[in-house]
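Novice: My structure is stored as my_file38.txt, with compact mmCIF, C-alpha atoms.
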```txt
# COMPACT_ATOMS: atom_id res chain seq x y z
CA MET A 1357 -15.48 3.88 15.95
CA THR A 1358 -13.55 1.43 18.01
CA ASP A 1359 -10.07 2.16 16.77
CA THR A 1360 -8.61 5.01 18.76
CA ARG A 1361 -7.72 8.33 17.23
CA ASP A 1362 -4.04 7.40 16.75
CA ILE A 1363 -4.94 4.34 14.73
CA GLU A 1364 -7.51 6.28 12.69
CA ALA A 1365 -4.93 8.99 11.96
CA LEU A 1366 -2.47 6.32 10.83
CA ILE A 1367 -5.03 4.76 8.49
CA ASP A 1368 -5.82 8.21 7.02
CA LEU A 1369 -2.13 8.81 6.31
CA MET A 1370 -1.61 5.36 4.81
CA ALA A 1371 -4.65 5.89 2.56
CA ARG A 1372 -2.86 8.85 0.98
CA LEU A 1373 -0.18 6.61 -0.51
CA PRO A 1374 -0.60 5.81 -4.20
CA GLY A 1375 -2.23 2.44 -4.79
CA LEU A 1376 -3.81 2.36 -1.33
CA GLY A 1377 -7.38 3.39 -0.57
CA PRO A 1378 -9.17 3.51 2.79
CA ARG A 1379 -9.87 -0.21 2.69
CA SER A 1380 -6.37 -1.41 1.81
CA ALA A 1381 -4.86 1.14 4.22
CA ARG A 1382 -6.96 -0.38 7.01
CA ARG A 1383 -5.84 -3.85 5.96
CA ALA A 1384 -2.18 -2.78 5.97
CA VAL A 1385 -2.51 -1.16 9.39
CA LEU A 1386 -4.20 -4.27 10.82
CA ALA A 1387 -1.39 -6.43 9.42
CA MET A 1388 1.13 -4.12 11.08
CA LEU A 1389 -0.79 -4.16 14.38
CA LYS A 1390 -0.41 -7.93 14.36
CA ARG A 1391 3.35 -7.62 13.93
CA ARG A 1392 4.16 -4.55 15.97
CA GLU A 1393 7.72 -5.56 16.85
CA ALA A 1394 8.66 -7.28 13.60
CA LEU A 1395 7.17 -4.86 11.08
CA MET A 1396 5.54 -1.73 12.49
CA ALA A 1397 8.38 -0.45 14.67
CA PRO A 1398 11.11 -1.09 12.03
CA LEU A 1399 8.96 0.58 9.38
CA ALA A 1400 8.44 3.65 11.59
CA GLN A 1401 12.20 3.78 12.14
CA ALA A 1402 13.02 3.36 8.43
CA LEU A 1403 10.55 6.09 7.46
CA ALA A 1404 11.93 8.49 10.04
CA THR A 1405 15.50 7.83 8.89
CA VAL A 1406 14.72 8.39 5.22
CA ALA A 1407 12.49 11.43 5.90
CA LEU A 1408 15.37 12.96 7.82
CA ASN A 1409 18.23 12.06 5.49
CA ALA A 1410 16.86 12.04 1.96
CA ARG A 1411 18.19 14.84 -0.25
CA ASP A 1412 17.60 15.75 -3.87
CA CYS A 1413 20.89 15.56 -5.79
CA LYS A 1414 21.78 19.11 -6.75
CA THR A 1415 23.35 17.93 -9.99
CA CYS A 1416 21.00 15.36 -11.49
CA GLY A 1417 17.79 15.49 -9.42
CA ASN A 1418 18.05 11.88 -8.19
CA ILE A 1419 17.35 11.17 -4.52
CA GLY A 1420 20.20 10.23 -2.20
CA THR A 1421 21.38 11.03 1.27
CA SER A 1422 23.65 13.96 0.47
CA ASP A 1423 23.79 16.90 -1.93
CA LEU A 1424 25.47 14.63 -4.50
CA CYS A 1425 23.72 11.33 -5.27
CA PRO A 1426 25.68 8.03 -5.38
CA ILE A 1427 25.67 8.00 -9.19
CA CYS A 1428 26.99 11.54 -9.60
CA ALA A 1429 29.57 10.83 -6.88
CA ASP A 1430 30.73 7.56 -8.47
CA PRO A 1431 34.05 8.15 -10.30
CA ALA A 1432 33.56 4.90 -12.24
CA ARG A 1433 30.53 6.23 -14.15
CA ALA A 1434 31.14 7.69 -17.62
CA THR A 1435 30.95 11.48 -17.57
CA ALA A 1436 30.37 12.22 -21.24
CA GLU A 1437 27.04 10.40 -21.58
CA LEU A 1438 23.93 11.89 -20.05
CA CYS A 1439 20.63 10.04 -19.86
CA VAL A 1440 17.60 12.37 -19.56
CA VAL A 1441 14.61 10.83 -17.72
CA GLU A 1442 11.27 12.23 -16.57
CA THR A 1443 11.24 11.06 -12.95
CA VAL A 1444 13.37 9.42 -10.27
CA ALA A 1445 11.23 6.29 -10.76
CA ASP A 1446 12.39 6.17 -14.40
CA LEU A 1447 16.01 6.63 -13.28
CA TRP A 1448 15.66 3.67 -10.91
CA ALA A 1449 14.09 1.60 -13.71
CA MET A 1450 17.06 2.42 -16.00
CA GLU A 1451 19.47 1.45 -13.21
CA ARG A 1452 17.72 -1.88 -12.65
CA SER A 1453 18.44 -2.74 -16.30
CA ARG A 1454 22.17 -2.22 -15.59
CA ALA A 1455 22.52 -1.25 -19.24
CA PHE A 1456 23.68 2.34 -18.80
CA LYS A 1457 27.02 3.32 -17.30
CA GLY A 1458 26.84 7.10 -17.66
CA ARG A 1459 25.06 9.73 -15.59
CA TYR A 1460 21.50 11.00 -15.42
CA HIS A 1461 19.46 14.15 -15.53
CA VAL A 1462 15.99 14.01 -13.99
CA LEU A 1463 13.57 16.51 -15.52
CA GLY A 1464 10.92 16.18 -12.83
CA GLY A 1465 8.01 15.70 -15.25
CA THR A 1466 6.98 16.61 -18.77
CA LEU A 1467 6.06 19.87 -20.46
CA SER A 1468 2.36 20.62 -20.14
CA ALA A 1469 0.72 23.82 -21.30
CA LEU A 1470 -2.49 22.79 -19.53
CA ASP A 1471 -0.81 22.33 -16.15
CA GLY A 1472 1.40 25.37 -16.63
CA VAL A 1473 4.61 23.31 -16.73
CA GLY A 1474 7.18 25.10 -18.89
CA PRO A 1475 10.91 24.45 -19.45
CA ASP A 1476 11.85 26.43 -16.34
CA GLN A 1477 9.79 24.11 -14.12
CA LEU A 1478 11.55 21.06 -15.56
CA ARG A 1479 15.26 21.52 -14.90
CA ILE A 1480 15.79 22.03 -18.64
CA PRO A 1481 17.96 25.16 -18.07
CA ALA A 1482 20.09 23.06 -15.70
CA LEU A 1483 20.40 20.43 -18.44
CA VAL A 1484 21.62 23.00 -20.97
CA GLN A 1485 24.14 24.24 -18.43
CA ARG A 1486 25.39 20.74 -17.62
CA ILE A 1487 25.90 19.82 -21.27
CA GLU A 1488 28.29 22.73 -21.60
CA ALA A 1489 29.96 22.56 -18.20
CA GLU A 1490 30.48 18.77 -18.15
CA ARG A 1491 31.50 18.48 -21.84
CA ILE A 1492 28.75 15.98 -22.60
CA THR A 1493 29.15 14.25 -25.98
CA GLU A 1494 25.95 12.15 -26.01
CA VAL A 1495 22.51 12.87 -24.59
CA ILE A 1496 20.12 9.91 -24.47
CA LEU A 1497 16.53 11.09 -24.30
CA ALA A 1498 14.98 8.23 -22.28
CA LEU A 1499 11.57 9.82 -21.90
CA ASN A 1500 8.40 7.77 -21.78
CA ALA A 1501 6.87 6.71 -25.11
CA THR A 1502 3.79 8.82 -24.38
CA VAL A 1503 2.57 11.94 -26.18
CA GLU A 1504 3.79 14.12 -23.28
CA GLY A 1505 7.15 12.38 -23.08
CA GLN A 1506 7.78 12.60 -26.82
CA THR A 1507 6.69 16.25 -27.00
CA THR A 1508 9.11 17.06 -24.22
CA ALA A 1509 11.86 15.07 -25.94
CA HIS A 1510 11.33 17.06 -29.15
CA TYR A 1511 11.51 20.33 -27.26
CA ILE A 1512 14.73 19.32 -25.51
CA ALA A 1513 16.28 18.06 -28.75
CA GLU A 1514 15.72 21.47 -30.35
CA ALA A 1515 16.97 23.31 -27.28
CA ILE A 1516 20.25 21.46 -26.92
CA GLU A 1517 21.24 20.35 -30.43
CA GLY A 1518 24.61 21.56 -31.55
CA PRO A 1519 27.85 20.44 -33.19
CA GLY A 1520 29.72 17.70 -31.34
CA LEU A 1521 26.64 16.53 -29.41
CA ARG A 1522 25.10 13.19 -30.31
CA LEU A 1523 21.37 13.03 -29.55
CA THR A 1524 19.75 9.59 -29.21
CA SER A 1525 16.54 8.10 -27.88
CA LEU A 1526 15.58 4.60 -26.71
CA ALA A 1527 14.69 2.13 -29.46
CA GLN A 1528 11.01 1.33 -29.90
CA GLY A 1529 9.78 -2.15 -30.76
CA VAL A 1530 8.52 -5.46 -29.44
CA PRO A 1531 9.30 -5.84 -25.70
CA ILE A 1532 11.24 -8.96 -24.64
CA GLY A 1533 8.69 -11.73 -24.09
CA GLY A 1534 6.06 -9.75 -25.98
CA GLU A 1535 3.48 -11.51 -28.13
CA LEU A 1536 2.44 -9.80 -31.35
CA ASP A 1537 -1.22 -10.71 -30.80
CA TYR A 1538 -1.28 -8.66 -27.59
CA LEU A 1539 0.69 -5.65 -28.86
CA ASP A 1540 -0.94 -2.42 -29.98
CA ASP A 1541 -0.78 -1.38 -33.65
CA GLY A 1542 1.55 1.52 -32.94
CA THR A 1543 4.20 -0.70 -31.37
CA ILE A 1544 4.03 -3.25 -34.20
CA GLY A 1545 4.28 -0.45 -36.74
CA ALA A 1546 7.29 1.06 -34.98
CA ALA A 1547 8.96 -2.36 -34.73
CA LEU A 1548 8.40 -3.01 -38.45
CA ARG A 1549 9.75 0.38 -39.52
CA ALA A 1550 12.85 -0.16 -37.36
CA ARG A 1551 13.38 -3.76 -38.57
CA ARG A 1552 16.92 -5.03 -38.69
CA GLY A 1553 18.82 -7.56 -40.82
CA VAL A 1554 19.14 -10.95 -39.13
CA MET B 246 21.28 0.52 -7.45
CA THR B 247 21.02 4.24 -7.12
CA ASP B 248 18.76 4.43 -4.10
CA THR B 249 20.83 4.26 -0.97
CA ARG B 250 20.59 1.42 1.51
CA ASP B 251 18.14 3.25 3.78
CA ILE B 252 15.70 3.77 0.93
CA GLU B 253 16.08 0.16 -0.23
CA ALA B 254 15.43 -1.08 3.31
CA LEU B 255 12.31 1.08 3.48
CA ILE B 256 11.01 -0.31 0.17
CA ASP B 257 11.65 -3.88 1.39
CA LEU B 258 9.63 -3.21 4.56
CA MET B 259 6.79 -1.53 2.67
CA ALA B 260 6.65 -4.48 0.27
CA ARG B 261 5.80 -6.76 3.21
CA LEU B 262 2.46 -5.00 3.75
CA PRO B 263 -0.59 -6.84 2.38
CA GLY B 264 -1.66 -5.55 -1.01
CA LEU B 265 1.75 -4.06 -1.77
CA GLY B 266 4.43 -5.77 -3.86
CA PRO B 267 7.94 -4.57 -4.68
CA ARG B 268 6.66 -2.37 -7.49
CA SER B 269 3.85 -0.63 -5.58
CA ALA B 270 6.09 -0.32 -2.51
CA ARG B 271 8.64 1.53 -4.65
CA ARG B 272 5.87 3.75 -6.01
CA ALA B 273 4.61 4.52 -2.49
CA VAL B 274 8.13 5.34 -1.27
CA LEU B 275 8.76 7.63 -4.23
CA ALA B 276 5.46 9.43 -3.52
CA MET B 277 6.55 9.88 0.09
CA LEU B 278 10.00 11.09 -0.95
CA LYS B 279 8.28 13.84 -2.92
CA ARG B 280 6.31 14.89 0.17
CA ARG B 281 8.80 14.35 2.96
CA GLU B 282 7.43 17.03 5.28
CA ALA B 283 3.74 16.65 4.50
CA LEU B 284 3.46 12.86 4.39
CA MET B 285 6.61 10.89 5.19
CA ALA B 286 7.51 12.48 8.53
CA PRO B 287 3.91 12.45 9.88
CA LEU B 288 3.53 8.82 8.79
CA ALA B 289 6.75 7.84 10.56
CA GLN B 290 5.50 9.62 13.67
CA ALA B 291 2.03 8.02 13.51
CA LEU B 292 3.54 4.55 13.05
CA ALA B 293 5.92 5.02 15.97
CA THR B 294 3.09 6.25 18.21
CA VAL B 295 0.79 3.34 17.39
CA ALA B 296 3.61 0.75 17.55
CA LEU B 297 4.41 2.02 21.03
CA ASN B 298 0.89 2.43 22.39
CA ALA B 299 -1.27 -0.24 20.77
CA ARG B 300 -2.48 -2.94 23.15
CA ASP B 301 -4.70 -5.96 22.69
CA CYS B 302 -7.81 -5.60 24.84
CA LYS B 303 -7.55 -8.26 27.56
CA THR B 304 -11.31 -8.72 27.60
CA CYS B 305 -12.43 -8.83 23.97
CA GLY B 306 -9.25 -9.01 21.84
CA ASN B 307 -9.87 -5.69 20.07
CA ILE B 308 -6.94 -3.30 19.64
CA GLY B 309 -6.80 -0.10 21.65
CA THR B 310 -4.29 1.92 23.58
CA SER B 311 -4.80 0.39 27.00
CA ASP B 312 -5.56 -3.03 28.52
CA LEU B 313 -9.29 -2.30 28.08
CA CYS B 314 -10.42 -1.20 24.60
CA PRO B 315 -12.76 1.82 24.15
CA ILE B 316 -15.77 -0.45 23.56
CA CYS B 317 -15.25 -2.59 26.67
CA ALA B 318 -14.59 0.60 28.66
CA ASP B 319 -17.71 2.38 27.36
CA PRO B 320 -20.45 2.26 30.04
CA ALA B 321 -23.07 3.14 27.40
CA ARG B 322 -22.64 -0.18 25.55
CA ALA B 323 -25.06 -2.97 26.39
CA THR B 324 -23.40 -5.61 28.53
CA ALA B 325 -25.74 -8.55 27.99
CA GLU B 326 -25.20 -8.91 24.22
CA LEU B 327 -21.95 -10.33 22.91
CA CYS B 328 -21.02 -10.33 19.23
CA VAL B 329 -18.45 -12.99 18.31
CA VAL B 330 -16.25 -12.08 15.31
CA GLU B 331 -13.23 -13.74 13.70
CA THR B 332 -10.85 -10.80 13.52
CA VAL B 333 -10.36 -7.19 14.60
CA ALA B 334 -11.04 -6.21 10.97
CA ASP B 335 -14.49 -7.82 11.26
CA LEU B 336 -15.10 -5.97 14.54
CA TRP B 337 -14.27 -2.67 12.84
CA ALA B 338 -16.60 -3.56 9.95
CA MET B 339 -19.43 -4.25 12.42
CA GLU B 340 -18.74 -0.92 14.14
CA ARG B 341 -18.86 0.97 10.84
CA SER B 342 -22.41 -0.31 10.34
CA ARG B 343 -23.37 1.31 13.69
CA ALA B 344 -26.01 -1.39 14.01
CA PHE B 345 -24.74 -3.11 17.14
CA LYS B 346 -24.69 -1.50 20.57
CA GLY B 347 -23.36 -4.38 22.65
CA ARG B 348 -19.85 -5.71 23.15
CA TYR B 349 -17.55 -7.95 21.15
CA HIS B 350 -15.42 -11.03 21.45
CA VAL B 351 -12.65 -11.45 18.86
CA LEU B 352 -11.72 -15.09 18.25
CA GLY B 353 -8.52 -14.37 16.36
CA GLY B 354 -9.29 -16.70 13.44
CA THR B 355 -11.22 -19.87 12.65
CA LEU B 356 -10.79 -23.49 13.66
CA SER B 357 -8.54 -25.34 11.25
CA ALA B 358 -7.39 -28.92 11.72
CA LEU B 359 -4.94 -28.50 8.83
CA ASP B 360 -3.22 -25.47 10.36
CA GLY B 361 -3.39 -26.91 13.88
CA VAL B 362 -5.78 -24.22 15.13
CA GLY B 363 -7.93 -25.67 17.91
CA PRO B 364 -10.38 -24.01 20.35
CA ASP B 365 -7.56 -23.12 22.75
CA GLN B 366 -5.80 -21.06 20.07
CA LEU B 367 -8.98 -19.07 19.39
CA ARG B 368 -9.98 -17.46 22.69
CA ILE B 369 -12.95 -19.82 22.87
CA PRO B 370 -12.23 -20.73 26.53
CA ALA B 371 -12.21 -16.99 27.29
CA LEU B 372 -15.58 -16.68 25.54
CA VAL B 373 -17.10 -19.46 27.68
CA GLN B 374 -15.74 -17.74 30.78
CA ARG B 375 -17.10 -14.32 29.76
CA ILE B 376 -20.60 -15.65 29.08
CA GLU B 377 -20.78 -16.83 32.68
CA ALA B 378 -18.94 -13.99 34.37
CA GLU B 379 -20.69 -11.16 32.48
CA ARG B 380 -24.18 -12.73 32.56
CA ILE B 381 -24.53 -12.63 28.79
CA THR B 382 -28.08 -13.29 27.56
CA GLU B 383 -27.47 -13.21 23.78
CA VAL B 384 -24.49 -14.30 21.72
CA ILE B 385 -24.50 -13.18 18.07
CA LEU B 386 -22.21 -15.38 16.00
CA ALA B 387 -21.07 -12.86 13.37
CA LEU B 388 -18.56 -15.16 11.71
CA ASN B 389 -17.83 -14.99 8.00
CA ALA B 390 -20.19 -16.87 5.68
CA THR B 391 -17.35 -19.18 4.64
CA VAL B 392 -16.93 -22.90 5.30
CA GLU B 393 -14.32 -22.17 7.99
CA GLY B 394 -16.42 -19.44 9.61
CA GLN B 395 -19.56 -21.57 9.70
CA THR B 396 -17.71 -24.65 11.00
CA THR B 397 -16.31 -22.52 13.81
CA ALA B 398 -19.75 -21.03 14.51
CA HIS B 399 -21.23 -24.54 14.83
CA TYR B 400 -18.49 -25.59 17.22
CA ILE B 401 -19.00 -22.50 19.39
CA ALA B 402 -22.78 -22.91 19.38
CA GLU B 403 -22.39 -26.45 20.74
CA ALA B 404 -19.81 -25.37 23.30
CA ILE B 405 -21.78 -22.49 24.80
CA GLU B 406 -25.47 -23.43 24.41
CA GLY B 407 -27.41 -23.53 27.63
CA PRO B 408 -30.65 -22.38 29.25
CA GLY B 409 -31.16 -18.61 29.31
CA LEU B 410 -28.70 -17.95 26.47
CA ARG B 411 -30.06 -16.85 23.11
CA LEU B 412 -27.82 -17.83 20.18
CA THR B 413 -28.19 -15.95 16.90
CA SER B 414 -26.28 -15.47 13.67
CA LEU B 415 -26.34 -12.77 10.99
CA ALA B 416 -29.11 -13.08 8.40
CA GLN B 417 -28.08 -14.32 4.98
CA GLY B 418 -29.64 -12.93 1.81
CA VAL B 419 -29.35 -10.41 -0.99
CA PRO B 420 -26.92 -7.59 -0.08
CA ILE B 421 -28.24 -4.01 -0.27
CA GLY B 422 -27.79 -2.84 -3.87
CA GLY B 423 -27.24 -6.43 -5.01
CA GLU B 424 -28.50 -7.56 -8.41
CA LEU B 425 -29.84 -11.10 -8.63
CA ASP B 426 -28.13 -11.65 -11.98
CA TYR B 427 -24.72 -11.18 -10.34
CA LEU B 428 -25.39 -13.16 -7.15
CA ASP B 429 -24.22 -16.74 -6.65
CA ASP B 430 -26.74 -19.57 -6.42
CA GLY B 431 -26.07 -20.18 -2.73
CA THR B 432 -26.96 -16.62 -1.77
CA ILE B 433 -30.15 -16.61 -3.85
CA GLY B 434 -31.15 -19.97 -2.32
CA ALA B 435 -30.52 -18.69 1.21
CA ALA B 436 -32.49 -15.49 0.51
CA LEU B 437 -35.43 -17.50 -0.86
CA ARG B 438 -35.49 -19.89 2.09
CA ALA B 439 -35.44 -16.93 4.52
CA ARG B 440 -38.11 -14.97 2.58
CA ARG B 441 -40.35 -12.69 4.61
CA GLY B 442 -43.91 -11.41 4.31
CA VAL B 443 -44.11 -7.94 2.74
```
Transcribe the structure of this file into structure tokens.
Specialist:
Amino acid sequence: MTDTRDIEALIDLMARLPGLGPRSARRAVLAMLKRREALMAPLAQALATVALNARDCKTCGNIGTSDLCPICADPARATAELCVVETVADLWAMERSRAFKGRYHVLGGTLSALDGVGPDQLRIPALVQRIEAERITEVILALNATVEGQTTAHYIAEAIEGPGLRLTSLAQGVPIGGELDYLDDGTIGAALRARRGV
Amino acid sequence: MTDTRDIEALIDLMARLPGLGPRSARRAVLAMLKRREALMAPLAQALATVALNARDCKTCGNIGTSDLCPICADPARATAELCVVETVADLWAMERSRAFKGRYHVLGGTLSALDGVGPDQLRIPALVQRIEAERITEVILALNATVEGQTTAHYIAEAIEGPGLRLTSLAQGVPIGGELDYLDDGTIGAALRARRGV
């Protein structure tokens, strides 16, 4: 091989990122080698900074740069509404919608008997604790509309239901811009059952 | 946004890599955030090392860690055969085949009147110089089988042809494992014209 060991090691590491294989990792590294000053050095610096500073929020499980993430630390966010999501990626997706002004609780996955993931692996005990300690009045179960997500949502609903606590989940239906012809039967059925007066 | 500025800056940089968009860059960064010690820190280190040490080979245009790349510095490689390729990626592809034991000359692209790329932008003068100085006896034009690659190959062939210099190009035909039904007409035509006795 012509590329030296450092470059080979870099390609191997890049190939371990999701969405990149050996071929696209090589392509990315070659693109960076062409722009060493403009792209490669800043990227190395940014990675080192984040690797050093990133912390899991001890309250909600989001990722920030201190023990309390920016959302949990923000006094302007509503404290009585808690949005339960599977992953940090889902939390970021919710935030991009700018539709929710409360706080979050990241489970870290879904229940899975096959993979040995029980409630204790999922920050569900921490959720139960928070609901009491933070006097939560509404829990929004924003789990994915998959079998695993909905099973987990059912489990959580049973575990936390009680007087004075409103339990909700995201509406299901036709996505904005969606065309009926391209939607699956399940989505159309859910949208029809949840139809609203115009 | 919930991700702090450092994380956002990292995602922006990752999104500038070929093959990655904003969405896949976010996914890659989240994967790294989950494996900060095992993946993110080593990747930052590998990037910094390569960004600092990578050098363009002054002879052939390959990328190594000194002014002379490992191939040019290798005394075991044949010195009389020169393989002309468009890019470093093509050089690496040739090396993976382990079929060529000579040395390389990387052009850095193809001629393009539209983009203002002339012979002087392509290390073609350096190629002419090398053929004389290194007493090259065969030049293999391993340019891509595209219109741009073949135009550039024709130009180079005219520029360097002379007595005592053998000029060759890669054979065109059916790729190994290729099925005729899925091949384009041009490839089948080229393979038929270059048919060989069994």
Novice: List every protein, DNA or RNA residue that has at least one atom no more than 10 Å from (-19.6, 2.3, 22.0) in the file's coordinates, counting only C-alpha atoms, and write the result as number ranges by chain.
Specialist: A: 1357-1358; B: 315-323, 340, 343, 345-348
Novice: Distance limit 8 Å, atoms considered: all atoms listed in the file. Which chain B residues sit that close to chain A? Return them as a PDB file with C-alpha atoms, keeping the file's coordinate frame.
Specialist:
```pdb
ATOM      1  CA  MET B 246      21.280   0.520  -7.450  1.00  0.00           C
ATOM      2  CA  THR B 247      21.020   4.240  -7.120  1.00  0.00           C
ATOM      3  CA  ASP B 248      18.760   4.430  -4.100  1.00  0.00           C
ATOM      4  CA  THR B 249      20.830   4.260  -0.970  1.00  0.00           C
ATOM      5  CA  ASP B 251      18.140   3.250   3.780  1.00  0.00           C
ATOM      6  CA  ILE B 252      15.700   3.770   0.930  1.00  0.00           C
ATOM      7  CA  ALA B 254      15.430  -1.080   3.310  1.00  0.00           C
ATOM      8  CA  LEU B 255      12.310   1.080   3.480  1.00  0.00           C
ATOM      9  CA  LEU B 258       9.630  -3.210   4.560  1.00  0.00           C
ATOM     10  CA  MET B 259       6.790  -1.530   2.670  1.00  0.00           C
ATOM     11  CA  LEU B 262       2.460  -5.000   3.750  1.00  0.00           C
ATOM     12  CA  PRO B 263      -0.590  -6.840   2.380  1.00  0.00           C
ATOM     13  CA  GLY B 264      -1.660  -5.550  -1.010  1.00  0.00           C
ATOM     14  CA  SER B 269       3.850  -0.630  -5.580  1.00  0.00           C
ATOM     15  CA  ARG B 272       5.870   3.750  -6.010  1.00  0.00           C
ATOM     16  CA  ALA B 273       4.610   4.520  -2.490  1.00  0.00           C
ATOM     17  CA  LEU B 275       8.760   7.630  -4.230  1.00  0.00           C
ATOM     18  CA  ALA B 276       5.460   9.430  -3.520  1.00  0.00           C
ATOM     19  CA  MET B 277       6.550   9.880   0.090  1.00  0.00           C
ATOM     20  CA  LEU B 278      10.000  11.090  -0.950  1.00  0.00           C
ATOM     21  CA  ARG B 281       8.800  14.350   2.960  1.00  0.00           C
ATOM     22  CA  GLU B 282       7.430  17.030   5.280  1.00  0.00           C
ATOM     23  CA  LEU B 284       3.460  12.860   4.390  1.00  0.00           C
ATOM     24  CA  MET B 285       6.610  10.890   5.190  1.00  0.00           C
ATOM     25  CA  ALA B 286       7.510  12.480   8.530  1.00  0.00           C
ATOM     26  CA  PRO B 287       3.910  12.450   9.880  1.00  0.00           C
ATOM     27  CA  LEU B 288       3.530   8.820   8.790  1.00  0.00           C
ATOM     28  CA  ALA B 289       6.750   7.840  10.560  1.00  0.00           C
ATOM     29  CA  GLN B 290       5.500   9.620  13.670  1.00  0.00           C
ATOM     30  CA  ALA B 291       2.030   8.020  13.510  1.00  0.00           C
ATOM     31  CA  LEU B 292       3.540   4.550  13.050  1.00  0.00           C
ATOM     32  CA  ALA B 293       5.920   5.020  15.970  1.00  0.00           C
ATOM     33  CA  THR B 294       3.090   6.250  18.210  1.00  0.00           C
ATOM     34  CA  VAL B 295       0.790   3.340  17.390  1.00  0.00           C
ATOM     35  CA  ALA B 296       3.610   0.750  17.550  1.00  0.00           C
ATOM     36  CA  LEU B 297       4.410   2.020  21.030  1.00  0.00           C
ATOM     37  CA  ALA B 299      -1.270  -0.240  20.770  1.00  0.00           C
ATOM     38  CA  ILE B 308      -6.940  -3.300  19.640  1.00  0.00           C
ATOM     39  CA  GLY B 309      -6.800  -0.100  21.650  1.00  0.00           C
ATOM     40  CA  THR B 310      -4.290   1.920  23.580  1.00  0.00           C
ATOM     41  CA  CYS B 314     -10.420  -1.200  24.600  1.00  0.00           C
ATOM     42  CA  PRO B 315     -12.760   1.820  24.150  1.00  0.00           C
ATOM     43  CA  ILE B 316     -15.770  -0.450  23.560  1.00  0.00           C
ATOM     44  CA  VAL B 333     -10.360  -7.190  14.600  1.00  0.00           C
ATOM     45  CA  ALA B 334     -11.040  -6.210  10.970  1.00  0.00           C
ATOM     46  CA  TRP B 337     -14.270  -2.670  12.840  1.00  0.00           C
ATOM     47  CA  GLU B 340     -18.740  -0.920  14.140  1.00  0.00           C
ATOM     48  CA  ARG B 341     -18.860   0.970  10.840  1.00  0.00           C
TER      49      ARG B 341
END
```
Novice: Report, in Å to a single decimal, how far apart atom CA of B:Leu313 and atom CA of B:His350 are.
Specialist: 12.6 Å
Novice: Under the rule that only C-alpha atoms are counted, which of A:Leu1526, A:Val1473, A:Val1440, A:Ile1532 is the nearest residue to A:Ile1512?
Specialist: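 Using only C-alpha atoms, the shortest distance to A:Ile1512 belongs to A:Val1440.
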Novice: What gap, in Å, lies between atom CA of B:Leu356 and atom CA of B:Pro370?
Specialist: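 Atom CA of B:Leu356 sits 13.2 Å away from atom CA of B:Pro370.
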Novice: To one decimal in Å, tell me the separation between atom CA of B:Leu352 and atom CA of B:Gln366.
Specialist: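 It comes out at 8.6 Å.
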Novice: Excluding A:Ile1487 and residues on its chain fewer than 2 positions from it, collect all residues at most 12 Å away from it, counting only C-alpha atoms, and give them as a PyMOL selection string.
Specialist: chain A and resi 1415-1416+1435-1440+1459-1461+1480-1485+1489-1496+1512+1515-1518+1520-1523
Novice: Can you work out which one of B:Ala358, B:Ala416, B:Cys302, B:Leu388 has the shortest atom-to-atom distance to B:Asp335, counting only C-alpha atoms?
Specialist: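 With only C-alpha atoms as the atom set, the closest residue is B:Leu388.
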Novice: So that all listed atoms of stretch 1541-1544 of chain A fit with 4 Å spare on each side, what axis-aligned box centre and edge lengths in Å, to one decimal, would you give as JSON?
Specialist:
```
{"center_x": 1.7, "center_y": -0.9, "center_z": -32.8, "size_x": 13.0, "size_y": 12.8, "size_z": 10.8}
```
Novice: Go through B:Asn389, B:Thr413, B:Thr432, B:Thr397 and flag the residue nearest B:Leu367, using all atoms listed in the file for the distances.
Specialist: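 Answer, going by the shortest atom-to-atom distance: B:Thr397.
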Novice: Working from the structure I just supplied, which lacks atoms in stretch 1515-1520 of chain A, can you model N, CA, C and O atoms there and output them as a short mmCIF file (atom, residue, chain, number, x, y, z; two decimals), keeping the file's coordinate frame?
Specialist:
```
data_model
loop_
_atom_site.label_atom_id
_atom_site.label_comp_id
_atom_site.auth_asym_id
_atom_site.auth_seq_id
_atom_site.Cartn_x
_atom_site.Cartn_y
_atom_site.Cartn_z
N ALA A 1515 16.31 22.36 -28.18
CA ALA A 1515 16.97 23.31 -27.28
C ALA A 1515 18.46 23.03 -27.12
O ALA A 1515 19.24 23.95 -26.88
N ILE A 1516 18.86 21.77 -27.24
CA ILE A 1516 20.25 21.46 -26.92
C ILE A 1516 21.08 21.05 -28.12
O ILE A 1516 22.28 20.89 -28.01
N GLU A 1517 20.45 20.87 -29.29
CA GLU A 1517 21.24 20.35 -30.43
C GLU A 1517 22.36 21.32 -30.79
O GLU A 1517 22.22 22.54 -30.70
N GLY A 1518 23.48 20.74 -31.18
CA GLY A 1518 24.61 21.56 -31.55
C GLY A 1518 25.73 20.68 -32.07
O GLY A 1518 25.64 19.45 -31.96
N PRO A 1519 26.76 21.25 -32.65
CA PRO A 1519 27.85 20.44 -33.19
C PRO A 1519 28.58 19.70 -32.06
O PRO A 1519 28.75 20.24 -30.98
N GLY A 1520 28.95 18.46 -32.33
CA GLY A 1520 29.72 17.70 -31.34
C GLY A 1520 28.85 17.03 -30.30
O GLY A 1520 29.37 16.38 -29.40
#
```
